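Data file: coords_12.cif. Format and content: mmCIF, C-alpha atoms and all ligand atoms.
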data_my_file
#
loop_
_atom_site.group_PDB
_atom_site.id
_atom_site.type_symbol
_atom_site.label_atom_id
_atom_site.label_comp_id
_atom_site.auth_asym_id
_atom_site.auth_seq_id
_atom_site.Cartn_x
_atom_site.Cartn_y
_atom_site.Cartn_z
ATOM 1 C CA MET A 1 0.000 0.000 0.000
ATOM 2 C CA LYS A 2 1.280 3.497 -0.839
ATOM 3 C CA ARG A 3 1.778 5.801 2.107
ATOM 4 C CA TYR A 4 2.815 9.410 2.515
ATOM 5 C CA LEU A 5 5.914 9.948 4.646
ATOM 6 C CA ARG A 6 5.494 12.822 7.101
ATOM 7 C CA LEU A 7 8.376 15.000 8.292
ATOM 8 C CA GLY A 8 8.315 16.149 11.904
ATOM 9 C CA VAL A 9 10.870 18.903 12.456
ATOM 10 C CA ASN A 10 12.389 18.836 15.925
ATOM 11 C CA ILE A 11 13.238 22.384 17.050
ATOM 12 C CA ASP A 12 14.917 21.572 20.391
ATOM 13 C CA HIS A 13 18.290 22.881 19.346
ATOM 14 C CA VAL A 14 17.003 26.296 18.388
ATOM 15 C CA ALA A 15 16.194 26.502 22.097
ATOM 16 C CA THR A 16 19.653 25.127 22.940
ATOM 17 C CA ILE A 17 21.254 28.080 21.133
ATOM 18 C CA ARG A 18 18.830 30.546 22.727
ATOM 19 C CA ASN A 19 19.561 29.163 26.187
ATOM 20 C CA ALA A 20 23.323 29.499 25.693
ATOM 21 C CA ARG A 21 22.771 33.226 26.303
ATOM 22 C CA GLY A 22 19.371 33.298 27.996
ATOM 23 C CA GLY A 23 16.886 35.764 26.565
ATOM 24 C CA TRP A 24 14.671 35.175 23.559
ATOM 25 C CA HIS A 25 16.832 34.743 20.484
ATOM 26 C CA PRO A 26 16.650 32.548 18.440
ATOM 27 C CA ASP A 27 12.977 31.815 19.054
ATOM 28 C CA PRO A 28 11.926 28.148 18.562
ATOM 29 C CA VAL A 29 8.363 29.232 17.766
ATOM 30 C CA ARG A 30 9.671 31.356 14.893
ATOM 31 C CA ALA A 31 11.592 28.278 13.702
ATOM 32 C CA ALA A 32 8.379 26.239 13.916
ATOM 33 C CA ARG A 33 6.566 28.812 11.753
ATOM 34 C CA LEU A 34 9.341 28.669 9.178
ATOM 35 C CA ALA A 35 9.332 24.875 9.277
ATOM 36 C CA ALA A 36 5.601 24.935 8.542
ATOM 37 C CA GLN A 37 6.260 27.079 5.464
ATOM 38 C CA SER A 38 9.126 24.858 4.316
ATOM 39 C CA GLY A 39 7.420 21.483 4.104
ATOM 40 C CA ALA A 40 7.237 20.150 7.661
ATOM 41 C CA ASP A 41 4.121 18.148 8.473
ATOM 42 C CA GLY A 42 4.522 18.505 12.221
ATOM 43 C CA ILE A 43 6.639 20.091 14.941
ATOM 44 C CA THR A 44 8.422 17.984 17.537
ATOM 45 C CA ALA A 45 9.762 19.320 20.823
ATOM 46 C CA HIS A 46 11.240 17.493 23.811
ATOM 47 C CA LEU A 47 10.419 19.029 27.172
ATOM 48 C CA ARG A 48 13.202 17.538 29.257
ATOM 49 C CA GLU A 49 12.956 17.257 33.011
ATOM 50 C CA ASP A 50 15.990 19.562 33.374
ATOM 51 C CA ARG A 51 14.572 22.043 30.769
ATOM 52 C CA ARG A 52 17.984 22.198 29.091
ATOM 53 C CA HIS A 53 16.463 23.407 25.807
ATOM 54 C CA ILE A 54 12.674 23.573 25.352
ATOM 55 C CA SER A 55 10.861 25.404 28.164
ATOM 56 C CA ASP A 56 7.318 25.131 29.511
ATOM 57 C CA GLU A 57 6.579 28.499 27.901
ATOM 58 C CA ASP A 58 7.814 27.159 24.529
ATOM 59 C CA ILE A 59 5.332 24.287 24.793
ATOM 60 C CA ARG A 60 2.528 26.696 25.661
ATOM 61 C CA ARG A 61 3.360 28.918 22.684
ATOM 62 C CA LEU A 62 3.835 25.990 20.268
ATOM 63 C CA SER A 63 0.415 24.691 21.330
ATOM 64 C CA ASP A 64 -1.298 28.071 21.028
ATOM 65 C CA GLU A 65 0.458 29.700 18.082
ATOM 66 C CA ILE A 66 1.405 26.946 15.613
ATOM 67 C CA ASP A 67 -1.162 25.299 13.356
ATOM 68 C CA LEU A 68 0.865 22.155 12.586
ATOM 69 C CA PRO A 69 0.359 19.091 14.809
ATOM 70 C CA LEU A 70 2.652 19.190 17.866
ATOM 71 C CA ASN A 71 4.481 16.034 18.910
ATOM 72 C CA LEU A 72 5.590 16.454 22.532
ATOM 73 C CA GLU A 73 8.503 14.229 23.448
ATOM 74 C CA MET A 74 8.483 13.487 27.163
ATOM 75 C CA ALA A 75 9.693 11.148 29.859
ATOM 76 C CA ALA A 76 7.180 8.827 31.481
ATOM 77 C CA THR A 77 6.724 10.903 34.633
ATOM 78 C CA GLN A 78 3.635 12.255 36.350
ATOM 79 C CA GLU A 79 4.860 15.820 35.848
ATOM 80 C CA MET A 80 5.122 15.334 32.073
ATOM 81 C CA ARG A 81 1.848 13.448 31.900
ATOM 82 C CA ASP A 82 0.111 16.389 33.623
ATOM 83 C CA ILE A 83 1.732 18.902 31.264
ATOM 84 C CA ALA A 84 0.600 16.861 28.253
ATOM 85 C CA LEU A 85 -2.924 16.613 29.628
ATOM 86 C CA ARG A 86 -2.974 20.391 30.136
ATOM 87 C CA HIS A 87 -1.824 21.272 26.603
ATOM 88 C CA ARG A 88 -3.341 18.318 24.727
ATOM 89 C CA PRO A 89 -0.810 18.157 21.880
ATOM 90 C CA HIS A 90 -1.719 16.117 18.823
ATOM 91 C CA ALA A 91 0.799 13.468 19.898
ATOM 92 C CA THR A 92 3.276 12.564 22.598
ATOM 93 C CA CYS A 93 6.333 10.420 22.127
ATOM 94 C CA ILE A 94 7.451 8.815 25.379
ATOM 95 C CA VAL A 95 11.227 8.565 25.597
ATOM 96 C CA PRO A 96 13.696 7.311 28.201
ATOM 97 C CA GLU A 97 15.510 10.134 29.917
ATOM 98 C CA ARG A 98 18.663 10.282 31.983
ATOM 99 C CA ARG A 99 19.983 13.628 33.188
ATOM 100 C CA GLU A 100 23.612 12.819 32.418
ATOM 101 C CA GLU A 101 22.965 11.870 28.779
ATOM 102 C CA ARG A 102 23.656 14.341 25.979
ATOM 103 C CA THR A 103 20.733 13.096 23.908
ATOM 104 C CA THR A 104 18.218 10.243 24.034
ATOM 105 C CA GLU A 105 20.727 7.410 23.876
ATOM 106 C CA GLY A 106 18.522 4.364 23.512
ATOM 107 C CA GLY A 107 14.942 3.235 23.257
ATOM 108 C CA LEU A 108 12.487 2.675 26.071
ATOM 109 C CA ASP A 109 12.507 -0.727 27.726
ATOM 110 C CA VAL A 110 8.759 -1.166 27.322
ATOM 111 C CA ALA A 111 8.902 -4.902 27.976
ATOM 112 C CA GLY A 112 10.600 -4.321 31.342
ATOM 113 C CA ASN A 113 8.404 -1.380 32.400
ATOM 114 C CA ARG A 114 4.902 -2.330 31.334
ATOM 115 C CA GLU A 115 3.273 -1.561 34.675
ATOM 116 C CA HIS A 116 4.870 1.876 34.916
ATOM 117 C CA LEU A 117 4.099 2.849 31.317
ATOM 118 C CA ARG A 118 0.600 1.420 30.893
ATOM 119 C CA PRO A 119 -1.293 3.985 33.054
ATOM 120 C CA ILE A 120 0.466 6.913 31.358
ATOM 121 C CA VAL A 121 -0.292 5.534 27.890
ATOM 122 C CA THR A 122 -3.909 4.980 28.941
ATOM 123 C CA ALA A 123 -4.352 8.466 30.439
ATOM 124 C CA LEU A 124 -2.903 10.190 27.377
ATOM 125 C CA GLY A 125 -4.896 8.009 24.984
ATOM 126 C CA GLU A 126 -8.138 8.689 26.856
ATOM 127 C CA ALA A 127 -7.446 12.415 26.489
ATOM 128 C CA GLY A 128 -7.364 11.963 22.713
ATOM 129 C CA ILE A 129 -3.572 12.293 22.437
ATOM 130 C CA ARG A 130 -1.855 9.931 20.008
ATOM 131 C CA VAL A 131 0.799 8.066 21.999
ATOM 132 C CA SER A 132 4.029 6.832 20.537
ATOM 133 C CA LEU A 133 6.776 4.900 22.349
ATOM 134 C CA PHE A 134 10.395 5.457 21.312
ATOM 135 C CA VAL A 135 11.957 1.986 21.070
ATOM 136 C CA GLU A 136 14.917 0.136 19.627
ATOM 137 C CA PRO A 137 14.041 -1.765 16.426
ATOM 138 C CA ASP A 138 13.366 -4.914 18.438
ATOM 139 C CA PRO A 139 10.162 -6.942 17.869
ATOM 140 C CA ARG A 140 9.950 -7.742 21.585
ATOM 141 C CA GLN A 141 9.612 -4.045 22.410
ATOM 142 C CA LEU A 142 6.988 -3.593 19.686
ATOM 143 C CA ASP A 143 4.923 -6.474 21.066
ATOM 144 C CA ALA A 144 5.160 -4.919 24.532
ATOM 145 C CA ALA A 145 4.086 -1.509 23.157
ATOM 146 C CA LEU A 146 1.030 -3.092 21.575
ATOM 147 C CA GLY A 147 0.331 -4.990 24.783
ATOM 148 C CA ILE A 148 0.086 -1.795 26.860
ATOM 149 C CA GLY A 149 -2.163 -0.086 24.336
ATOM 150 C CA ALA A 150 0.185 2.270 22.457
ATOM 151 C CA PRO A 151 -1.017 2.857 18.877
ATOM 152 C CA VAL A 152 2.377 4.069 17.577
ATOM 153 C CA VAL A 153 6.065 3.258 17.953
ATOM 154 C CA GLU A 154 9.020 5.369 16.880
ATOM 155 C CA LEU A 155 12.079 3.321 15.967
ATOM 156 C CA HIS A 156 15.411 4.667 17.257
ATOM 157 C CA THR A 157 17.648 5.117 14.198
ATOM 158 C CA GLY A 158 20.711 6.250 16.178
ATOM 159 C CA ALA A 159 22.635 2.957 15.957
ATOM 160 C CA TYR A 160 22.030 2.818 12.178
ATOM 161 C CA CYS A 161 23.206 6.414 11.695
ATOM 162 C CA ASP A 162 26.304 5.966 13.858
ATOM 163 C CA ALA A 163 27.406 2.699 12.216
ATOM 164 C CA GLN A 164 29.506 2.344 9.058
ATOM 165 C CA GLY A 165 29.797 -0.295 6.317
ATOM 166 C CA PRO A 166 28.366 -3.765 7.024
ATOM 167 C CA ARG A 167 27.379 -2.767 10.556
ATOM 168 C CA ARG A 168 25.184 0.003 9.139
ATOM 169 C CA LEU A 169 23.549 -2.450 6.738
ATOM 170 C CA ALA A 170 22.854 -4.785 9.628
ATOM 171 C CA GLU A 171 21.254 -1.934 11.609
ATOM 172 C CA LEU A 172 19.154 -1.025 8.579
ATOM 173 C CA GLY A 173 18.018 -4.636 8.415
ATOM 174 C CA ARG A 174 16.830 -4.383 12.042
ATOM 175 C CA ILE A 175 14.867 -1.228 11.180
ATOM 176 C CA ARG A 176 13.271 -2.844 8.133
ATOM 177 C CA ALA A 177 12.335 -5.974 10.070
ATOM 178 C CA ALA A 178 10.896 -3.970 12.968
ATOM 179 C CA ALA A 179 8.879 -1.754 10.609
ATOM 180 C CA ALA A 180 7.445 -4.848 8.917
ATOM 181 C CA HIS A 181 6.633 -6.323 12.321
ATOM 182 C CA ALA A 182 4.867 -3.093 13.347
ATOM 183 C CA GLU A 183 2.695 -3.337 10.249
ATOM 184 C CA ALA A 184 1.962 -7.019 10.902
ATOM 185 C CA ILE A 185 0.735 -6.401 14.461
ATOM 186 C CA GLY A 186 -1.135 -3.177 13.639
ATOM 187 C CA LEU A 187 1.162 -0.483 15.055
ATOM 188 C CA GLU A 188 1.797 2.801 13.232
ATOM 189 C CA CYS A 189 5.537 3.129 12.720
ATOM 190 C CA HIS A 190 7.691 6.272 12.943
ATOM 191 C CA ALA A 191 11.479 6.605 13.045
ATOM 192 C CA GLY A 192 14.088 9.124 14.056
ATOM 193 C CA HIS A 193 17.336 10.130 15.739
ATOM 194 C CA GLY A 194 20.561 11.140 14.062
ATOM 195 C CA LEU A 195 19.140 11.262 10.525
ATOM 196 C CA SER A 196 20.984 13.366 7.940
ATOM 197 C CA TYR A 197 20.896 13.870 4.161
ATOM 198 C CA GLU A 198 23.202 10.856 3.942
ATOM 199 C CA THR A 199 21.253 8.466 6.142
ATOM 200 C CA VAL A 200 17.649 9.473 5.495
ATOM 201 C CA ALA A 201 17.060 7.826 2.110
ATOM 202 C CA ALA A 202 17.342 4.200 3.217
ATOM 203 C CA VAL A 203 14.944 4.806 6.104
ATOM 204 C CA ALA A 204 12.515 6.827 3.955
ATOM 205 C CA ALA A 205 12.433 3.903 1.527
ATOM 206 C CA VAL A 206 10.980 1.581 4.185
ATOM 207 C CA PRO A 207 7.354 1.576 3.055
ATOM 208 C CA THR A 208 5.659 0.956 6.393
ATOM 209 C CA ILE A 209 7.335 3.911 8.136
ATOM 210 C CA VAL A 210 4.968 6.903 7.928
ATOM 211 C CA GLU A 211 6.802 9.622 9.874
ATOM 212 C CA LEU A 212 10.380 10.726 10.429
ATOM 213 C CA ASN A 213 11.350 13.112 13.225
ATOM 214 C CA ILE A 214 14.525 15.031 12.503
ATOM 215 C CA GLY A 215 16.178 17.822 14.479
ATOM 216 C CA HIS A 216 19.861 18.162 15.243
ATOM 217 C CA PHE A 217 21.140 17.793 11.689
ATOM 218 C CA LEU A 218 18.584 20.253 10.274
ATOM 219 C CA ILE A 219 19.366 22.929 12.849
ATOM 220 C CA GLY A 220 23.089 22.400 12.232
ATOM 221 C CA GLU A 221 22.657 22.717 8.467
ATOM 222 C CA ALA A 222 20.536 25.835 8.988
ATOM 223 C CA ILE A 223 23.691 27.602 10.196
ATOM 224 C CA PHE A 224 25.201 27.226 6.728
ATOM 225 C CA GLY A 225 22.264 27.535 4.354
ATOM 226 C CA GLY A 226 19.210 28.550 6.348
ATOM 227 C CA LEU A 227 16.457 26.473 7.925
ATOM 228 C CA GLU A 228 14.088 26.705 4.992
ATOM 229 C CA SER A 229 16.671 25.362 2.569
ATOM 230 C CA ALA A 230 17.705 22.536 4.951
ATOM 231 C CA ILE A 231 14.114 21.388 5.467
ATOM 232 C CA LYS A 232 13.319 21.576 1.752
ATOM 233 C CA ARG A 233 16.379 19.533 0.901
ATOM 234 C CA MET A 234 15.522 16.914 3.544
ATOM 235 C CA ARG A 235 11.908 16.829 2.345
ATOM 236 C CA ALA A 236 13.107 16.283 -1.236
ATOM 237 C CA ALA A 237 15.490 13.489 -0.173
ATOM 238 C CA MET A 238 12.642 11.759 1.667
ATOM 239 C CA ASP A 239 10.234 12.155 -1.253
ATOM 240 C CA GLN A 240 12.760 10.863 -3.778
ATOM 241 C CA ALA A 241 13.597 7.804 -1.709
ATOM 242 C CA ARG A 242 9.936 7.038 -1.057
ATOM 243 C CA ALA A 243 9.044 7.480 -4.744
ATOM 244 C CA ALA A 244 11.922 5.239 -5.835
ATOM 245 C CA ALA A 245 10.638 2.615 -3.403
ATOM 246 C CA GLY A 246 7.150 2.848 -4.922
ATOM 247 C CA GLY A 247 5.453 5.182 -2.418
ATOM 248 C CA GLU A 248 3.629 8.401 -3.148
ATOM 249 C CA ARG A 249 5.037 11.919 -2.954
ATOM 250 C CA SER A 250 2.304 13.883 -1.268
ATOM 251 C CA ALA A 251 -0.706 13.370 0.985
HETATM 252 N N1 LIG A 301 12.881 11.173 17.814
HETATM 253 C C1 LIG A 301 13.051 11.134 19.154
HETATM 254 C C2 LIG A 301 12.114 10.306 19.967
HETATM 255 C C3 LIG A 301 14.062 11.895 19.786
HETATM 256 O O1 LIG A 301 14.220 11.834 21.117
HETATM 257 C C4 LIG A 301 14.873 12.720 18.988
HETATM 258 C C5 LIG A 301 15.909 13.570 19.630
HETATM 259 O O2 LIG A 301 15.292 14.492 20.469
HETATM 260 C C6 LIG A 301 14.640 12.739 17.601
HETATM 261 C C7 LIG A 301 13.659 11.940 17.040
HETATM 262 C C8 LIG A 301 15.432 13.612 16.689
HETATM 263 O O3 LIG A 301 16.771 13.260 16.708
HETATM 264 P P1 LIG A 301 17.837 14.217 16.019
HETATM 265 O O4 LIG A 301 17.780 15.520 16.767
HETATM 266 O O5 LIG A 301 19.106 13.485 16.195
HETATM 267 O O6 LIG A 301 17.413 14.369 14.588
#
Rewrite the coordinates I just gave you, this time as structure tokens.
Amino acid sequence: MKRYLRLGVNIDHVATIRNARGGWHPDPVRAARLAAQSGADGITAHLREDRRHISDEDIRRLSDEIDLPLNLEMAATQEMRDIALRHRPHATCIVPERREERTTEGGLDVAGNREHLRPIVTALGEAGIRVSLFVEPDPRQLDAALGIGAPVVELHTGAYCDAQGPRRLAELGRIRAAAAHAEAIGLECHAGHGLSYETVAAVAAVPTIVELNIGHFLIGEAIFGGLESAIKRMRAAMDQARAAAGGERSA
């Protein structure tokens, strides 16, 4: 079946640069507006427990001022659950979080934390929020996600992006197999982390993946050629890869 591949632009690192000096510049909400004009289908923002980049006020403004669907990345804590229930974003992506990590280093252990995760997934789902769980491309974690009622998984592409040569091919094989498994058991499948112009095509070509969330590379490229140009180029790379694999270009 042909499916459109959505691009969620993660704007966390606009806030990282802003926070390096405090104050208001550069404004992540302005970046979200520009992303909307440049081909993004959604905006993704991670409200970390330590607020190292995105702030509570950013989430409020993204919810109130941006028309694109907001995907709120969050840890599975009561504080974050309450914030999500207050703002009712289109979607939440539940991620593991450790204060000492530089970025989200691995997927959630859903299979080992079913009882902790299930009530949060249920509460968000009952509020009409689409819930995704960020997991390694491991069928066991997908089965566990389904078992606790999550409709969506996002596959962690970090290991694939970091690997080289045969190791990268092996990681791509894990992503393909997990995406096929998601389809087989009825989960919507997203992917993200570490994607670049170089690594995006192979993932975009996986036909059962319907959304990619991309941040750090796009914000980095924006320094050299502007955010609009970076997003358009990423969008084009995704569309080309999907078309070559037999998918459709637009919704
Ligand atoms: N998806 C999830 C769940 C993430 O946690 C992140 C990083 O915040 C991304 C996608 C985007 O990763 P990157 O910034 O490396 O593109």
Using all atoms listed in the file, which of A:Ser229, A:Thr104, A:Ser63, A:Thr92 sits nearest ligand LIG 301 (chain A)? A:Thr104
Residues near stretch 195-209 of chain A, anyone? I mean within 9 Å using all atoms listed in the file, not counting same-chain ones fewer than 4 positions away, as a PyMOL selection string. chain A and resi 1-3+5+157-158+160-161+172+175-176+179-180+182-183+188-191+213-218+233-234+237-247
Take the PyMOL selection byres (((not hetatm)) within 9 of (chain A and resi 301)), run it mentally on this structure, and tell me the resulting residues as a PyMOL selection string. chain A and resi 8-13+44-46+73-74+93-96+103-107+132-135+154-158+190-196+212-219
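The space separating atom CA of A:Ala178 from atom CA of A:Pro137 comes to 5.2 Å.
Minimum atom-to-atom distance to A:Ala236, evaluated using all atoms listed in the file, belongs to A:Ser38 out of A:Thr16, A:Ser38, A:Thr122, A:Thr77.
Proximity to A:Asp82 at 10 Å, evaluated using all atoms listed in the file and with sequence-adjacent residues fewer than 4 positions away removed, yields Thr77, Gln78, Arg86, His87, Arg88, Ile120, Ala123 and Leu124 of chain A.
Straight-line separation from atom CA of A:Ile148 to atom CA of A:Ile129: 15.2 Å.
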Separation of atom CA of A:Ala31 from atom CA of A:Leu7 in Å: 14.7 Å
Evaluate the PyMOL selection byres (((chain A and resi 69) around 9) and not hetatm) here and jot the selected residues down as a ChimeraX atom specification. /A:8,41-44,63,66-68,70-71,89-91
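Shortest separation to A:Leu142 among A:Ile185, A:Ala20, A:Leu34, A:Leu169 occurs at residue A:Ile185, atoms counted being only C-alpha atoms.
Comparing the minimum interatomic distances between A:Glu228 and each of A:Tyr4, A:Gly165, A:Asn19, A:Ala35, counting all atoms listed in the file, we find that A:Ala35 sits nearest.
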Contacts of stretch 54-61 of chain A within 6 Å, all atoms listed in the file, excl. fewer than 3 positions in-chain, as a PyMOL selection string: chain A and resi 12+15+47+51+64-65
Applied to the shown file, which residues does the PyMOL selection byres (((chain A and resi 146) around 10) and not hetatm) return, written as an MDAnalysis selection string? chainID A and resid 110 133 141:145 147:153 182 185:187
Show me, as AutoDock Vina command-line options, the centre and edge lengths in Å to one decimal of the axis-aligned box that covers every listed atom of stretch 168-171 of chain A with 5 Å on each side.
--center_x 23.2 --center_y -2.4 --center_z 9.2 --size_x 13.9 --size_y 14.8 --size_z 14.9
Counting only C-alpha atoms, figure out which residue out of A:Glu136, A:Glu97, A:Glu79, A:Glu49 gets nearest to A:Ala177. A:Glu136
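Distance annotation: of A:Lys232, A:Arg48, A:Arg30, A:His181, the residue with the minimal separation from A:Arg140 is A:His181; atom set is all atoms listed in the file.
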